[in-house]
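One structure is given below, encoded as structure tokens.
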There are 4 protein chains.
Amino acid sequence: MPVTRSSPAARSPAADVRPLRVGVVGVGRIGRMHAELLARQVPGAALAMVYDAFPDTAAAVGGELGVPVAATVDELLGASEVDAVAICASTDTHADLLVAAARAGKPAFCEKPISLDLAEVDRALAEIAEAGIAVQIGFNRRFDPAHRSVAEAVVDGTIGDVHLVRISSRDPAPPPLEYVRGSGGIFLDMTIHDFDMARYVTRSEVVEVFARGALRVDPSFAEVGDVDTAVVTLTHANGCLTVIDNSREAAYGYDQRVEAFGRLGMAASENPLAHTGVVRTAGGTSAPALPHFFLERYVPSYLAEWEAFVDAVRDGRTPPVTAGDGRAPLVIGLAAWRSLRENRPVAVEEVDSA
Amino acid sequence: MPVTRSSPAARSPAADVRPLRVGVVGVGRIGRMHAELLARQVPGAALAMVYDAFPDTAAAVGGELGVPVAATVDELLGASEVDAVAICASTDTHADLLVAAARAGKPAFCEKPISLDLAEVDRALAEIAEAGIAVQIGFNRRFDPAHRSVAEAVVDGTIGDVHLVRISSRDPAPPPLEYVRGSGGIFLDMTIHDFDMARYVTRSEVVEVFARGALRVDPSFAEVGDVDTAVVTLTHANGCLTVIDNSREAAYGYDQRVEAFGRLGMAASENPLAHTGVVRTAGGTSAPALPHFFLERYVPSYLAEWEAFVDAVRDGRTPPVTAGDGRAPLVIGLAAWRSLRENRPVAVEEVDSA
Amino acid sequence: MPVTRSSPAARSPAADVRPLRVGVVGVGRIGRMHAELLARQVPGAALAMVYDAFPDTAAAVGGELGVPVAATVDELLGASEVDAVAICASTDTHADLLVAAARAGKPAFCEKPISLDLAEVDRALAEIAEAGIAVQIGFNRRFDPAHRSVAEAVVDGTIGDVHLVRISSRDPAPPPLEYVRGSGGIFLDMTIHDFDMARYVTRSEVVEVFARGALRVDPSFAEVGDVDTAVVTLTHANGCLTVIDNSREAAYGYDQRVEAFGRLGMAASENPLAHTGVVRTAGGTSAPALPHFFLERYVPSYLAEWEAFVDAVRDGRTPPVTAGDGRAPLVIGLAAWRSLRENRPVAVEEVDSA
Amino acid sequence: MPVTRSSPAARSPAADVRPLRVGVVGVGRIGRMHAELLARQVPGAALAMVYDAFPDTAAAVGGELGVPVAATVDELLGASEVDAVAICASTDTHADLLVAAARAGKPAFCEKPISLDLAEVDRALAEIAEAGIAVQIGFNRRFDPAHRSVAEAVVDGTIGDVHLVRISSRDPAPPPLEYVRGSGGIFLDMTIHDFDMARYVTRSEVVEVFARGALRVDPSFAEVGDVDTAVVTLTHANGCLTVIDNSREAAYGYDQRVEAFGRLGMAASENPLAHTGVVRTAGGTSAPALPHFFLERYVPSYLAEWEAFVDAVRDGRTPPVTAGDGRAPLVIGLAAWRSLRENRPVAVEEVDSA
């Protein structure tokens with residue numbers, strides 16, 4: 001259910017402050033969503049321009065949202081009316097686009113992951129550091145109010161030192177195999193969000209990974225070297241343990257839960273149901289299923305991440321999910337793959353120094 | 001799945017169908033929300049024009065949403081690019097505007113109530129009937145997915161014959177006294193939604209009303225002849241009983257619950273909480289409060305009522321909340337006021353034939 | 001923690017304190033339950049003796065629980081090994097038995113109601129007052145931990161001044177008509193618990209009653225002058241309103257909920273489900289029904305009321321539900337019957353002074 | 001909340017069937033609970049005799065429950081009025097007592113674990129098999145109605161093939177270190193219940209174990225070679241994965257949850273709260289904590305396991321939790337210890353054939 005800010009009527013554009021004008025590179029499914037949010041719902045932001053490798057897609061979105069279409073990325077990055085850039089194109093372009101943004105001196109919001117190749121990530125991070133641009137990685141789940149409440153219960157001491165974190169992350173339906181093939185597999189495509197969540201909730205780096213995978217949903221995942229079901233145990237530097245379970249297909253909807261257990265208590269985010277109606281008969285109690293589509297669950301988090309980016313850029317502060325926060329889960333994911341393949345726990349530094 | 005549609009990215013404008021172009025009369029708080037929804041989120045609809053008695057308000061909203069501003073209501077109603085009208089101005093203008101829409105032959109969406117004066121309502125209904133225009137009254141709660149699930153559990157027989165309906169409707173904070181003064185009081189301003197809900201859920205007319213009121217929130221409600229706390233018992237034609245409780249001030253948020261109890265079971269809509277996080281410590285379990293703002297709870301229902309209107313107008317069907325559905329709760333409300341003042345149950349026909 | 005005490009293993013009989021030895025008069029369904037609780041589970045209490053108008057019943061229960069059977073009530077009341085008496089025989093004997101207990105100087109626990117006849121109640125109260133014996137009436141729901149938490153949230157100020165109380169009380173199945181015939185009807189047999197709850201939660205006397213009844217479950221209730229469905233509105237001396245709904249048949253189980261709404265918040269007791277399992281599939285979420293049998297819900301409350309009685313008698317304090325607390329709901333119930341029959345709100349003093 | 005059968009008043013002793021007379025060996029905390037349940041609450045059972053290595057303990061319990069005290073185990077096992085035996089003495093005596101019961105030809109209920117030594121378990125199993133006595137191991141959680149509903153949703157196909165099982169099992173407070181020293185450590189004392197649950201829910205044997213442990217609660221666990229926090233990943237023969245998390249100290253109460261995720265859905269057992277009251281204020285929603293004592297949660301499961309044992313013995317059927325079900329979790333636990341110590345996944349057969 002949208003929070004106040006997600007409702008159009010609740011927008012209160014501070015008329016005296018010039019909005020942050022964002023150009024969006026890549027307006028496919030996720031990029032188009034970002035473009036629409038910027039155009040219509042993010043307080044203090046405006047959509048300035050769009051670019052897409054498919055000119056028709058760019059033209060359609062630009063036309064509908066009433067903004068110009070750049071012919072090239074360089075045009076967009078160089079435009080004086082573009083204050084910042086949203087990198088929403090395919091993953092293999094992210095590193096280059098971050099480098100280009102750095103060279104253009106434009107703050108960048110970048111969808112996860114930065115790259116599936118650690119060297120590429122490090123190349124981008126070096127340019128970002130040199131240019132000093134603000135960068136925020138699109139780990140939107142940190143901005144989900146329920147997940148965030150878990151992290152806050154840790155930070156504010158409500159549950160004391162964290163001993164265990166438990167994350168369930170299950171998609172309603174598997175993506176097409178062609179998508180899976182280039183996605184880096186379950187650990188780099190799907191669990192990477194959970195690796196980020198584990199770091200976000202515990203505020204402690206991961207030092208060791210043990211991953212177990214299984215083919216339970218569809219054996220054809222094996223054709224692309226992937227699994228569809230996984231359990232990953234993480235050991236953090238502070239001694240806390242995180243356990244993650246994933247499935248590519250949850251028949252009952254989009255299941256996303258985070259739980260932190262500590263010395264003084266526990267904090268957990270439950271799944272919202274499609275609505276709050278309940279029926280009781282002699283046969284028992286019934287209620288709706290979970291939402292099935294990720295936007296139903298996470299639109300408020302997308303809005304909130306944009307607000308955080310806009311505020312940080314405007315105030316000259318470091319955005320809340322840094323480029324380094326984009327790198328760390330990739331390393332954990334690479335360790336998870338090695339752990340799965342070699343059936344042993346893998347120290348993260350073993351992968352990182354490789 | 002209702003929330004889908006409320007997300008901008010989920011809009012799939014059927015490009016081959018011309019949208020229903022709606023002119024909005026009155027763009028204060030609620031009208032502006034309708035205008036924004038029409039401009040940005042209602043599938044198959046477009047915002048065509050706005051009018052407001054305050055030209056500056058009209059200009060601001062028209063400017064922001066990129067639509068022309070009508071100088072007069074007649075200009076808006078007469079414009080060829082306006083297919084239908086949304087009547088969102090102050091209550092005392094609704095009847096006249098409905099008559100004008102009827103004479104212009106334009107389908108009308110009208111915020112509740114049609115009028116506080118039954119004769120005025122009947123005048124408008126006569127013109128509507130004569131002109132044969134489609135009219136839908138803005139009882140948006142019928143479109144809330146949780147409340148709707150209660151009504152559906154009755155209609156589809158899940159809970160059998162309805163014996164009891166229980167409605168709690170409590171606002172987070174009282175409106176200003178000046179607003180209360182012209183609002184028709186608690187029964188015509190606030191409980192009127194619950195009277196509609198009772199009819200919607202039971203599918204049976206109300207034949208008798210007993211109302212009890214109290215001053216518990218703020219004694220100054222007495223200055224304007226109102227109460228701030230109320231319990232109303234309704235007897236329906238089919239023998240079912242409905243009980244409603246209202247308060248102008250629920251410290252914990254916007255509390256809106258409907259429960260139908262029948263031969264085979266019960267169906268109820270619970271309040272959503274602000275998010276789904278929960279914390280457990282030695283001191284107990286804690287969770288967030290309810291949303292405090294009506295838009296947080298009901299934006300999806302506003303969208304859904306617009307979709308229903310658009311579909312009905314396009315298909316030439318009667319909209320789901322008719323002008324008659326706008327009249328009936330007013331009569332119940334008038335009976336409630338008489339019951340409160342005379343401290344006795346009042347037959348609805350006693351008021352209706354008055 | 002209430003459930004602790006209901007577990008046999010958790011009993012910690014204070015070996016150094018002589019238990020309160022209770023004689024039970026009437027060991028039919030409810031009396032037998034009290035006898036078993038006293039024999040086996042109430043800390044600090046012992047079952048001393050039983051009596052029943054049906055000697056076979058008395059012999060069976062006495063034999064099973066290993067206690068002597070009294071041949072007459074007088075024998076039981078006069079026995080030196082009986083410290084206190086539990087009056088669990090049929091309602092029409094309660095007043096006489098209370099008088100007899102008063103004359104024997106024995107503290108008495110008495111099942112509700114004291115009598116259906118107000119004069120009889122007053123006769124018993126006068127003797128009790130004169131004898132100065134401790135008397136506790138069996139309004140066990142006050143001792144249910146969830147309902148009690150509602151009352152405590154009022155007393156400790158958590159929810160501020162109470163504005164509204166909402167009670168739903170629905171039985172899983174109607175009793176036999178023969179039982180109904182002598183029961184005083186729905187208001188004196190069933191709603192009487194809710195009248196007590198309203199007084200308990202609000203700590204304010206009831207001054208006016210409006211009752212609405214209906215035949216929705218079984219038309220044969222009309223044969224005995226009763227209704228099977230009811231809504232009652234109470235006005236309290238402090239201005240608070242209570243609304244009660246009752247049904248003789250809730251297909252989904254034993255539904256018992258209390259909610260208090262006040263200036264600072266609300267407190268409510270929800271129904272426990274049969275267990276805490278939940279299933280989610282594409283078709284939605286399912287959970288068990290409510291318990292169907294009143295003992296499943298209320299055994300801990302029966303134990304807790306006995307503990308309160310034992311403690312009060314031992315310490316020479318007034319038990320928490322006095323004979324006066326037994327009288328007040330009867331008066332409200334009589335007013336409810338008059339209200340229903342005359343279709344008007346009835347002041348409680350109108351009935352009380354009758 | 002006790003189900004019907006756990007309430008004393010709901011007992012309906014079938015007077016025409018002779019009860020199964022059970023002798024209890026060991027009446028310390030858990031044995032005394034079993035003795036009381038047998039004496040007072042288990043339908044179709046009776047307590048026949050008790051024995052304890054501490055004669056005073058035996059005398060006290062026998063006296064209170066009105067049964068004779070055996071001077072030796074042999075006397076109890078040989079008594080003609082003892083139909084079956086409950087083995088509730090310390091773990092190191094279980095194997096010998098099972099052997100003695102086998103030789104006496106008496107059906108035996110045995111608390112878990114049979115032994116911490118696999119050879120001892122196998123010796124007992126051989127004697128049991130040879131004698132052909134019925135044996136049931138005290139994995140009571142299988143009889144908890146919520147956990148059982150999870151297993152049933154698997155067995156009846158509601159959730160389809162099981163892909164993942166998730167078990168959280170956290171005690172409210174750690175036991176004394178002296179107890180821990182002889183307990184076999186967390187995996188044989190605490191997680192052993194979860195290993196049983198994993199087998200019960202999945203109906204598939206465990207083939208590999210990976211265990212991670214941590215000292216988070218109290219560093220002195222290290223003195224006895226134990227950990228206080230653990231995450232264990234199990235791989236089942238059917239490809240399903242189970243993940244278990246344990247803590248010796250959950251500040252908010254006794255946390256016991258089981259979740260099965262399958263092709264068609266999921267089934268989970270949630271924790272009951274101490275009661276069902278809830279409070280909402282401007283500060284949010286509050287509810288009680290979980291029960292803190294295992295008896296509050298599990299008394300109904302102890303009763304249900306006794307009913308199952310009584311029924312199986314009476315009907316000559318194999319009890320539902322066999323001696324083999326007592327052996328398997330021990331092997332998993334031994335593998336878990338090896339995994340933790342060697343920081344690698346350990347195949348169960350590696351331990352079993354050792």
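Going by the structure tokens order, chains are called A, B, ..., each with residues numbered from 1, while ligands are numbered from 1 in the order shown.
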Quiz prompt | Residue hits in chain A, query chain C, radius 8 Å, only C-alpha atoms, as a ChimeraX atom specification | solution = /A:251-253,280-290
Self-check item: All alpha helix (DSSP H) residues (DSSP, backbone) inside stretch 114-338 of chain D, as JSON, numbers by chain
Solution: {"D": [118, 119, 120, 121, 122, 123, 124, 125, 126, 127, 128, 129, 130, 131, 145, 146, 147, 148, 149, 150, 151, 152, 153, 154, 155, 177, 178, 179, 180, 181, 185, 186, 187, 188, 189, 191, 192, 193, 194, 195, 196, 197, 198, 199, 200, 201, 202, 294, 295, 296, 297, 298, 299, 300, 301, 302, 303, 304, 305, 306, 307, 308, 309, 310, 311, 312, 313, 314, 315, 323, 324, 325, 326, 327, 328, 329, 330, 331, 332, 333, 334, 335, 336, 337, 338]}
Self-check item: Residue contacts of stretch 185-198 of chain B (8 Å, only C-alpha atoms) excluding same-chain residues fewer than 4 positions away, as a list of chain:residue names
Solution: B:Pro113, B:Leu116, B:Phe139, B:Arg141, B:Arg142, B:Val165, B:Ile167, B:Ser169, B:Val180, B:Arg181, B:Thr202, B:Arg203, B:Gly225, B:Asp226, B:Val227, B:Asp228, B:Thr242, B:Ile244, B:Asn246, B:Asp325, B:Ala328, B:Pro329, B:Leu330, B:Ile332, B:Gly333, B:Leu334, B:Ala336, B:Trp337
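Taking atom CA of D:Gly157 and atom CA of D:Leu303 as the two end points, the separation is 27.2 Å.
Those residues that approach D:Gly160 to within 6 Å, counting only C-alpha atoms, are D:Gly157, D:Thr158, D:Gly262, D:Arg263, D:Leu264; same-chain residues fewer than 2 positions away are not listed.
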Go ahead and write the selection's residues with C-alpha atoms as a PDB file, in the first residue's frame.
```pdb
ATOM      1  CA  GLY D 157      -0.035 -32.817  -1.299  1.00  0.00           C
ATOM      2  CA  THR D 158      -1.320 -29.335  -0.483  1.00  0.00           C
ATOM      3  CA  GLY D 262       7.023 -26.682  -1.961  1.00  0.00           C
ATOM      4  CA  ARG D 263       6.056 -26.564  -5.590  1.00  0.00           C
ATOM      5  CA  LEU D 264       2.470 -25.532  -4.870  1.00  0.00           C
TER       6      LEU D 264
END
```
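The two atoms in question, atom CA of B:Pro272 and atom CA of C:Glu270, are spaced 15.9 Å apart.
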Exercise. Would you mind reading off the distance between atom CA of D:Tyr179 and atom CA of A:Cys240, one decimal, in Å?
Key: 25.4 Å
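Shell of B:Leu76 at 12 Å, with only C-alpha atoms counted and residues fewer than 5 places along the chain excluded, is B:Arg21, B:Val22, B:Gly23, B:Val24, B:Val25, B:Gly26, B:Leu47, B:Ala48, B:Met49, B:Val50, B:Tyr51, B:Asp52, B:Val67, B:Pro68, B:Val69, B:Ala70, B:Ala71, B:Glu81, B:Val82, B:Asp83, B:Ala84, B:Val85, B:Ala86, B:Ile87, B:Leu97, B:Ala100, B:Ala101, B:Ala104, B:Lys106.
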When you look at D:Ser269 with a cut-off of 10 Å (counting only C-alpha atoms), what residues show up, excluding the ones that are within fewer than 2 positions of it in the same chain? I need them as a JSON list (two decimals) with C-alpha atoms, in the first residue's frame.
```json
[["chain", "number", "residue", "atom", "x", "y", "z"],
["C", 275, "HIS", "CA", -3.60, -23.56, 16.24],
["C", 276, "THR", "CA", -1.01, -21.30, 14.65],
["C", 277, "GLY", "CA", -0.43, -23.15, 11.38],
["C", 278, "VAL", "CA", -0.90, -21.28, 8.12],
["C", 279, "VAL", "CA", -0.85, -22.46, 4.50],
["D", 144, "ASP", "CA", 2.01, -30.04, 18.26],
["D", 145, "PRO", "CA", -1.07, -29.17, 16.21],
["D", 146, "ALA", "CA", 0.62, -26.32, 14.35],
["D", 147, "HIS", "CA", 3.78, -28.22, 13.45],
["D", 148, "ARG", "CA", 1.66, -31.24, 12.57],
["D", 149, "SER", "CA", -0.39, -29.09, 10.19],
["D", 150, "VAL", "CA", 2.84, -28.33, 8.34],
["D", 167, "ILE", "CA", 13.15, -24.37, 11.21],
["D", 256, "GLN", "CA", 9.56, -22.54, 17.70],
["D", 257, "ARG", "CA", 8.69, -22.28, 14.03],
["D", 258, "VAL", "CA", 8.65, -24.74, 11.17],
["D", 259, "GLU", "CA", 8.06, -23.86, 7.52],
["D", 260, "ALA", "CA", 7.85, -26.13, 4.50],
["D", 267, "ALA", "CA", 2.95, -24.23, 5.19],
["D", 271, "ASN", "CA", 4.44, -18.88, 17.47],
["D", 272, "PRO", "CA", 1.39, -18.39, 19.65]]
```
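For the residues B:Arg166, B:Arg344, B:Arg40, B:Arg123, ranking by smallest atom-to-atom distance to C:Phe210 using only C-alpha atoms places B:Arg344 first.
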